[in-house]
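Here's target-v9.txt, which has compact mmCIF, C-alpha atoms and all ligand atoms:
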# COMPACT_ATOMS: atom_id res chain seq x y z
CA MET A 22 78.33 102.05 115.55
CA PRO A 23 80.64 99.44 117.17
CA LYS A 24 79.84 98.51 120.77
CA ILE A 25 82.05 97.31 123.63
CA TYR A 26 81.14 96.12 127.10
CA ILE A 27 83.86 97.27 129.54
CA SER A 28 84.41 95.09 132.60
CA PRO A 29 87.17 96.38 134.92
CA SER A 30 88.26 94.13 137.80
CA ASN A 31 86.05 94.16 140.91
CA GLN A 32 88.86 92.58 143.01
CA THR A 33 89.29 94.91 145.97
CA ALA A 34 91.37 92.39 147.95
CA ASN A 35 94.19 92.31 145.39
CA ILE A 36 96.70 94.85 146.65
CA CYS A 37 98.88 96.74 144.18
CA LYS A 38 102.51 97.55 145.09
CA TYR A 39 101.71 101.19 144.30
CA GLY A 40 99.29 101.27 147.23
CA ASP A 41 95.83 100.90 145.73
CA THR A 42 93.94 97.79 144.60
CA GLU A 43 93.45 95.94 141.34
CA CYS A 44 89.82 97.13 141.35
CA GLN A 45 90.81 100.79 141.79
CA HIS A 46 93.52 100.98 139.17
CA CYS A 47 91.60 98.94 136.58
CA ASN A 48 88.74 101.42 136.98
CA LEU A 49 91.24 104.25 136.47
CA PHE A 50 92.32 102.53 133.24
CA ALA A 51 88.64 102.25 132.28
CA ASP A 52 88.06 105.97 132.98
CA TYR A 53 90.67 106.92 130.40
CA LEU A 54 89.65 104.19 127.97
CA CYS A 55 86.00 105.33 128.00
CA GLU A 56 87.02 108.95 127.29
CA TYR A 57 88.96 107.87 124.20
CA LEU A 58 86.15 105.58 123.02
CA MET A 59 83.62 108.40 123.38
CA VAL A 60 85.73 110.78 121.27
CA ASN A 61 86.02 108.05 118.63
CA ASN A 62 82.28 107.28 118.49
CA ILE A 63 82.63 103.76 119.85
CA GLU A 64 79.58 103.02 121.98
CA TYR A 65 80.20 101.30 125.29
CA LYS A 66 78.52 100.10 128.43
CA ARG A 67 80.63 99.91 131.58
CA ALA A 68 80.18 97.64 134.60
CA GLU A 69 79.48 99.18 138.01
CA ILE A 70 82.55 99.21 140.28
CA LEU A 71 81.59 96.31 142.54
CA GLU A 72 79.14 94.59 140.22
CA THR A 73 79.28 90.79 140.27
CA LEU A 74 80.52 88.86 137.26
CA GLU A 75 77.10 87.18 136.94
CA SER A 76 75.39 90.57 136.62
CA ARG A 77 78.01 91.82 134.14
CA VAL A 78 77.57 88.80 131.90
CA LYS A 79 73.78 89.17 132.00
CA LYS A 80 74.00 92.87 131.05
CA SER A 81 76.64 92.27 128.39
CA ASN A 82 74.57 89.55 126.76
CA ALA A 83 71.52 91.83 126.75
CA TYR A 84 73.59 94.73 125.32
CA LYS A 85 74.97 92.52 122.48
CA PRO A 86 78.36 94.24 122.11
CA ASP A 87 80.93 93.39 119.44
CA ILE A 88 83.49 92.78 122.19
CA HIS A 89 83.33 92.04 125.92
CA TYR A 90 86.55 93.56 127.32
CA CYS A 91 87.83 92.63 130.79
CA ILE A 92 90.55 94.78 132.40
CA HIS A 93 92.76 93.12 135.00
CA THR A 94 96.26 93.05 136.39
CA ASN A 95 98.04 89.87 137.33
CA ALA A 96 99.64 88.51 140.51
CA GLY A 97 102.69 86.31 140.90
CA GLY A 98 105.51 88.81 140.52
CA GLY A 99 105.95 88.41 136.76
CA ALA A 100 106.50 91.05 134.09
CA ARG A 101 104.31 90.60 131.02
CA SER A 102 100.89 91.22 129.50
CA VAL A 103 98.64 88.22 129.03
CA LEU A 104 95.64 88.33 126.71
CA PHE A 105 93.26 85.50 127.52
CA GLY A 106 90.64 84.23 125.09
CA TYR A 107 88.34 81.29 124.53
CA SER A 108 90.47 80.43 121.50
CA THR A 109 93.68 82.22 120.56
CA THR A 110 93.35 81.00 116.97
CA ASP A 111 89.84 82.39 116.44
CA SER A 112 90.35 84.93 113.62
CA LYS A 113 88.41 87.84 115.22
CA TRP A 114 89.93 87.34 118.67
CA LYS A 115 93.42 87.03 117.14
CA LYS A 116 92.91 90.18 115.05
CA LEU A 117 91.94 92.17 118.15
CA ALA A 118 94.81 90.67 120.19
CA ASP A 119 97.25 91.63 117.42
CA CYS A 120 95.85 95.21 117.41
CA ILE A 121 96.28 95.47 121.22
CA LYS A 122 99.77 93.96 121.04
CA GLU A 123 100.85 96.35 118.29
CA GLU A 124 99.81 99.47 120.22
CA ARG A 125 100.86 98.23 123.68
CA SER A 126 104.32 97.17 122.51
CA LYS A 127 105.02 100.81 121.60
CA ILE A 128 104.79 101.65 125.33
CA TYR A 129 105.33 98.41 127.22
CA LYS A 130 108.56 96.58 126.48
CA SER A 131 107.96 93.22 128.20
CA GLU A 132 106.39 90.17 126.55
CA ILE A 133 102.73 90.27 125.41
CA ARG A 134 101.44 86.72 125.51
CA TYR A 135 98.23 85.13 124.13
CA THR A 136 96.77 82.35 126.27
CA LYS A 137 93.75 80.13 125.71
CA LYS A 138 91.51 79.99 128.78
CA THR A 139 88.00 78.57 128.69
CA SER A 140 87.38 78.40 132.44
CA PHE A 141 87.16 82.14 133.34
CA TYR A 142 83.54 83.02 134.07
CA GLU A 143 83.25 85.93 131.65
CA ILE A 144 85.12 84.15 128.85
CA LYS A 145 82.88 81.13 129.29
CA ASN A 146 79.54 82.93 129.59
CA THR A 147 79.52 86.05 127.42
CA SER A 148 77.84 85.79 124.03
CA ALA A 149 80.23 88.41 122.63
CA LYS A 150 83.85 87.59 121.98
CA CYS A 151 85.69 88.12 125.24
CA MET A 152 89.12 89.77 125.42
CA TYR A 153 90.38 89.23 128.96
CA ASP A 154 93.37 91.51 129.41
CA GLU A 155 95.87 91.05 132.25
CA VAL A 156 97.74 94.27 131.50
CA LEU A 157 100.76 93.54 133.74
CA PHE A 158 101.63 92.42 137.30
CA HIS A 159 100.42 94.56 140.21
CA ASP A 160 102.58 92.74 142.80
CA ASN A 161 105.81 93.44 140.95
CA GLU A 162 106.92 96.90 142.13
CA ARG A 163 108.53 97.93 138.84
CA GLU A 164 105.42 96.88 136.89
CA ALA A 165 103.05 98.56 139.35
CA ILE A 166 104.93 101.86 139.11
CA PHE A 167 105.00 101.57 135.31
CA PHE A 168 101.24 100.99 135.27
CA HIS A 169 100.49 104.08 137.34
CA GLN A 170 102.92 106.28 135.45
CA ASN A 171 101.55 105.16 132.07
CA VAL A 172 97.91 104.27 132.74
CA LYS A 173 96.58 106.97 130.43
CA GLU A 174 98.93 105.95 127.60
CA LEU A 175 98.14 102.25 128.15
CA ALA A 176 94.41 103.00 127.95
CA LYS A 177 94.92 105.19 124.91
CA GLY A 178 96.85 102.37 123.21
CA THR A 179 93.92 100.04 123.85
CA ALA A 180 91.46 102.60 122.45
CA LYS A 181 93.65 102.92 119.34
CA ALA A 182 93.71 99.13 119.08
CA PHE A 183 89.89 99.04 119.14
CA CYS A 184 89.79 101.74 116.44
CA ASN A 185 92.23 99.77 114.28
CA TYR A 186 90.18 96.61 114.84
CA PHE A 187 86.97 98.35 113.75
CA GLY A 188 88.67 100.23 110.88
CA ILE A 189 88.16 103.67 112.45
CA SER A 190 90.96 106.23 112.11
CA PHE A 191 91.91 107.27 115.64
CA ASN A 192 90.91 110.77 116.66
CA ASP A 193 93.39 111.85 119.35
CA PRO A 194 91.85 114.46 121.68
CA ASP A 195 95.29 115.14 123.19
CA ALA A 196 96.60 116.20 119.79
CA ALA A 197 93.78 118.75 119.54
CA ALA A 198 95.30 120.86 122.32
CA PRO A 199 98.25 122.28 120.30
CA ASN A 200 95.82 123.10 117.46
CA GLU A 201 93.64 125.03 119.88
CA LEU A 202 96.70 126.91 121.16
CA GLU A 203 97.69 127.68 117.57
CA LYS A 204 94.18 129.09 116.87
CA ILE A 205 94.37 131.28 119.99
CA ARG A 206 97.86 132.50 119.00
CA LYS A 207 96.58 133.45 115.51
CA ARG A 208 93.62 135.31 117.02
CA LEU A 209 95.98 137.24 119.31
CA GLU A 210 98.21 138.11 116.35
CA ALA A 211 95.19 139.36 114.39
CA ALA A 212 94.07 141.42 117.40
CA ASN A 213 97.57 142.93 117.71
CA ASP A 214 97.52 143.84 114.02
CA ILE A 215 94.23 145.69 114.52
CA ILE A 216 95.61 147.53 117.57
CA THR A 217 98.71 148.55 115.57
CA LYS A 218 96.52 149.84 112.72
CA ILE A 219 94.33 151.81 115.15
CA LYS A 220 97.43 153.33 116.72
CA ILE A 221 98.73 154.37 113.27
CA LEU A 222 95.34 155.90 112.40
CA ALA A 223 95.21 157.66 115.76
CA GLU A 224 98.67 159.25 115.35
CA PRO A 225 98.53 162.96 114.57
CA VAL A 226 99.32 163.71 110.94
ZN ZN B 301 97.75 100.11 141.44

Translate the structure of the given file into structure tokens.
Amino acid sequence: MPKIYISPSNQTANICKYGDTECQHCNLFADYLCEYLMVNNIEYKRAEILETLESRVKKSNAYKPDIHYCIHTNAGGGARSVLFGYSTTDSKWKKLADCIKEERSKIYKSEIRYTKKTSFYEIKNTSAKCMYDEVLFHDNEREAIFFHQNVKELAKGTAKAFCNYFGISFNDPDAAAPNELEKIRKRLEAANDIITKIKILAEPV
């Protein structure tokens, strides 16, 4: 079973234009992401909300995941996604970045950039390949609103990207709802048929 270590931002001082913090909304993203991973049988371990980066790296390295995934949002007023990696030409990292880009670009219409960064603590110190995702900019009002309005879809896109990366066909729990409704409707129809038959039988001859 594939394994991912999930490391959402612990930056409580970074204020989002929507009113919360980078730490809060990255954990919201992680909540949705973990639900989709669970449904798709991808094992994960998630960092505690305020856990230090040192502790996360230690736990990730002990867990030995296939991917160490960091969830962040950027500052500086821009409008783009940036995927940071130790090497953007590494074939596995690039494959995963391409999977994320493919799914995210269906929802998010700004640029999705790949950037080499060897200095970030988690990128530098995790044994697993690290995908450090700056989803968009939390200090750009339009981006912040977009994030909060689409956080579930953005997380779902990332879960799909992981499935594509691992060669798993994505099981969409949201798509199961109409099927359930359809089953209930059929059961009601069958029940009505029985009631009609009973009524016919009960009618005086
Ligand atoms: Zn926010």

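The closest residue to Ala165 (chain A), picked from A:Lys85, A:Met59, A:Ala96, A:Arg77 and counting all atoms listed in the file, is A:Ala96.
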
**Message:** Which residues are near ligand ZN 301 (chain B) in this structure, taking near to mean any atom at most 12 Å from a ligand atom and counting all atoms listed in the file? Format them as a PyMOL selection string.
**Reply:** chain A and resi 30+32-50+93-96+156-172

Selection from above, C-alpha atoms, as a PDB file, keeping the file's coordinate frame, can you write it?
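Saved the output as out_2.pdb:
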ATOM      1  CA  SER A  30      88.260  94.130 137.800  1.00  0.00           C
ATOM      2  CA  GLN A  32      88.860  92.580 143.010  1.00  0.00           C
ATOM      3  CA  THR A  33      89.290  94.910 145.970  1.00  0.00           C
ATOM      4  CA  ALA A  34      91.370  92.390 147.950  1.00  0.00           C
ATOM      5  CA  ASN A  35      94.190  92.310 145.390  1.00  0.00           C
ATOM      6  CA  ILE A  36      96.700  94.850 146.650  1.00  0.00           C
ATOM      7  CA  CYS A  37      98.880  96.740 144.180  1.00  0.00           C
ATOM      8  CA  LYS A  38     102.510  97.550 145.090  1.00  0.00           C
ATOM      9  CA  TYR A  39     101.710 101.190 144.300  1.00  0.00           C
ATOM     10  CA  GLY A  40      99.290 101.270 147.230  1.00  0.00           C
ATOM     11  CA  ASP A  41      95.830 100.900 145.730  1.00  0.00           C
ATOM     12  CA  THR A  42      93.940  97.790 144.600  1.00  0.00           C
ATOM     13  CA  GLU A  43      93.450  95.940 141.340  1.00  0.00           C
ATOM     14  CA  CYS A  44      89.820  97.130 141.350  1.00  0.00           C
ATOM     15  CA  GLN A  45      90.810 100.790 141.790  1.00  0.00           C
ATOM     16  CA  HIS A  46      93.520 100.980 139.170  1.00  0.00           C
ATOM     17  CA  CYS A  47      91.600  98.940 136.580  1.00  0.00           C
ATOM     18  CA  ASN A  48      88.740 101.420 136.980  1.00  0.00           C
ATOM     19  CA  LEU A  49      91.240 104.250 136.470  1.00  0.00           C
ATOM     20  CA  PHE A  50      92.320 102.530 133.240  1.00  0.00           C
ATOM     21  CA  HIS A  93      92.760  93.120 135.000  1.00  0.00           C
ATOM     22  CA  THR A  94      96.260  93.050 136.390  1.00  0.00           C
ATOM     23  CA  ASN A  95      98.040  89.870 137.330  1.00  0.00           C
ATOM     24  CA  ALA A  96      99.640  88.510 140.510  1.00  0.00           C
ATOM     25  CA  VAL A 156      97.740  94.270 131.500  1.00  0.00           C
ATOM     26  CA  LEU A 157     100.760  93.540 133.740  1.00  0.00           C
ATOM     27  CA  PHE A 158     101.630  92.420 137.300  1.00  0.00           C
ATOM     28  CA  HIS A 159     100.420  94.560 140.210  1.00  0.00           C
ATOM     29  CA  ASP A 160     102.580  92.740 142.800  1.00  0.00           C
ATOM     30  CA  ASN A 161     105.810  93.440 140.950  1.00  0.00           C
ATOM     31  CA  GLU A 162     106.920  96.900 142.130  1.00  0.00           C
ATOM     32  CA  ARG A 163     108.530  97.930 138.840  1.00  0.00           C
ATOM     33  CA  GLU A 164     105.420  96.880 136.890  1.00  0.00           C
ATOM     34  CA  ALA A 165     103.050  98.560 139.350  1.00  0.00           C
ATOM     35  CA  ILE A 166     104.930 101.860 139.110  1.00  0.00           C
ATOM     36  CA  PHE A 167     105.000 101.570 135.310  1.00  0.00           C
ATOM     37  CA  PHE A 168     101.240 100.990 135.270  1.00  0.00           C
ATOM     38  CA  HIS A 169     100.490 104.080 137.340  1.00  0.00           C
ATOM     39  CA  GLN A 170     102.920 106.280 135.450  1.00  0.00           C
ATOM     40  CA  ASN A 171     101.550 105.160 132.070  1.00  0.00           C
ATOM     41  CA  VAL A 172      97.910 104.270 132.740  1.00  0.00           C
TER      42      VAL A 172
END

**Request:** Determine, counting only C-alpha atoms, every residue of protein, DNA or RNA that lies within 12 Å of (100.4, 95.6, 123.7) in the file coordinates, then give the result as a PyMOL selection string.
**Result:** chain A and resi 101-104+117-135+154-157+174-183

For Met22 (chain A), find every residue with an atom within 8 Å (counting all atoms listed in the file), except residues of its own chain fewer than 5 positions away, and show them as a PDB file with C-alpha atoms, in the coordinates of the input.
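To be explicit, this is the file written out as around.pdb:
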ATOM      1  CA  ASN A  62      82.280 107.280 118.490  1.00  0.00           C
ATOM      2  CA  ILE A  63      82.630 103.760 119.850  1.00  0.00           C
ATOM      3  CA  GLU A  64      79.580 103.020 121.980  1.00  0.00           C
TER       4      GLU A  64
END

**Prompt:** So which residues fall inside 10 Å of (86.5, 88.9, 127.7) if we count all atoms listed in the file? Mind giving them as a PyMOL selection string?
**Reply:** chain A and resi 26-28+78+88-92+104-107+114+141-154

Take the residues from that selection and write them out as a PDB file, in the coordinates of the input, keeping C-alpha atoms.
ATOM      1  CA  TYR A  26      81.140  96.120 127.100  1.00  0.00           C
ATOM      2  CA  ILE A  27      83.860  97.270 129.540  1.00  0.00           C
ATOM      3  CA  SER A  28      84.410  95.090 132.600  1.00  0.00           C
ATOM      4  CA  VAL A  78      77.570  88.800 131.900  1.00  0.00           C
ATOM      5  CA  ILE A  88      83.490  92.780 122.190  1.00  0.00           C
ATOM      6  CA  HIS A  89      83.330  92.040 125.920  1.00  0.00           C
ATOM      7  CA  TYR A  90      86.550  93.560 127.320  1.00  0.00           C
ATOM      8  CA  CYS A  91      87.830  92.630 130.790  1.00  0.00           C
ATOM      9  CA  ILE A  92      90.550  94.780 132.400  1.00  0.00           C
ATOM     10  CA  LEU A 104      95.640  88.330 126.710  1.00  0.00           C
ATOM     11  CA  PHE A 105      93.260  85.500 127.520  1.00  0.00           C
ATOM     12  CA  GLY A 106      90.640  84.230 125.090  1.00  0.00           C
ATOM     13  CA  TYR A 107      88.340  81.290 124.530  1.00  0.00           C
ATOM     14  CA  TRP A 114      89.930  87.340 118.670  1.00  0.00           C
ATOM     15  CA  PHE A 141      87.160  82.140 133.340  1.00  0.00           C
ATOM     16  CA  TYR A 142      83.540  83.020 134.070  1.00  0.00           C
ATOM     17  CA  GLU A 143      83.250  85.930 131.650  1.00  0.00           C
ATOM     18  CA  ILE A 144      85.120  84.150 128.850  1.00  0.00           C
ATOM     19  CA  LYS A 145      82.880  81.130 129.290  1.00  0.00           C
ATOM     20  CA  ASN A 146      79.540  82.930 129.590  1.00  0.00           C
ATOM     21  CA  THR A 147      79.520  86.050 127.420  1.00  0.00           C
ATOM     22  CA  SER A 148      77.840  85.790 124.030  1.00  0.00           C
ATOM     23  CA  ALA A 149      80.230  88.410 122.630  1.00  0.00           C
ATOM     24  CA  LYS A 150      83.850  87.590 121.980  1.00  0.00           C
ATOM     25  CA  CYS A 151      85.690  88.120 125.240  1.00  0.00           C
ATOM     26  CA  MET A 152      89.120  89.770 125.420  1.00  0.00           C
ATOM     27  CA  TYR A 153      90.380  89.230 128.960  1.00  0.00           C
ATOM     28  CA  ASP A 154      93.370  91.510 129.410  1.00  0.00           C
TER      29      ASP A 154
END

Quick one: 5 Å padding each side, axis-aligned, all listed atoms of region 85-88 of chain A - centre and edge lengths in Å to one decimal, as JSON?
{"center_x": 79.2, "center_y": 93.4, "center_z": 121.0, "size_x": 18.5, "size_y": 11.7, "size_z": 13.0}
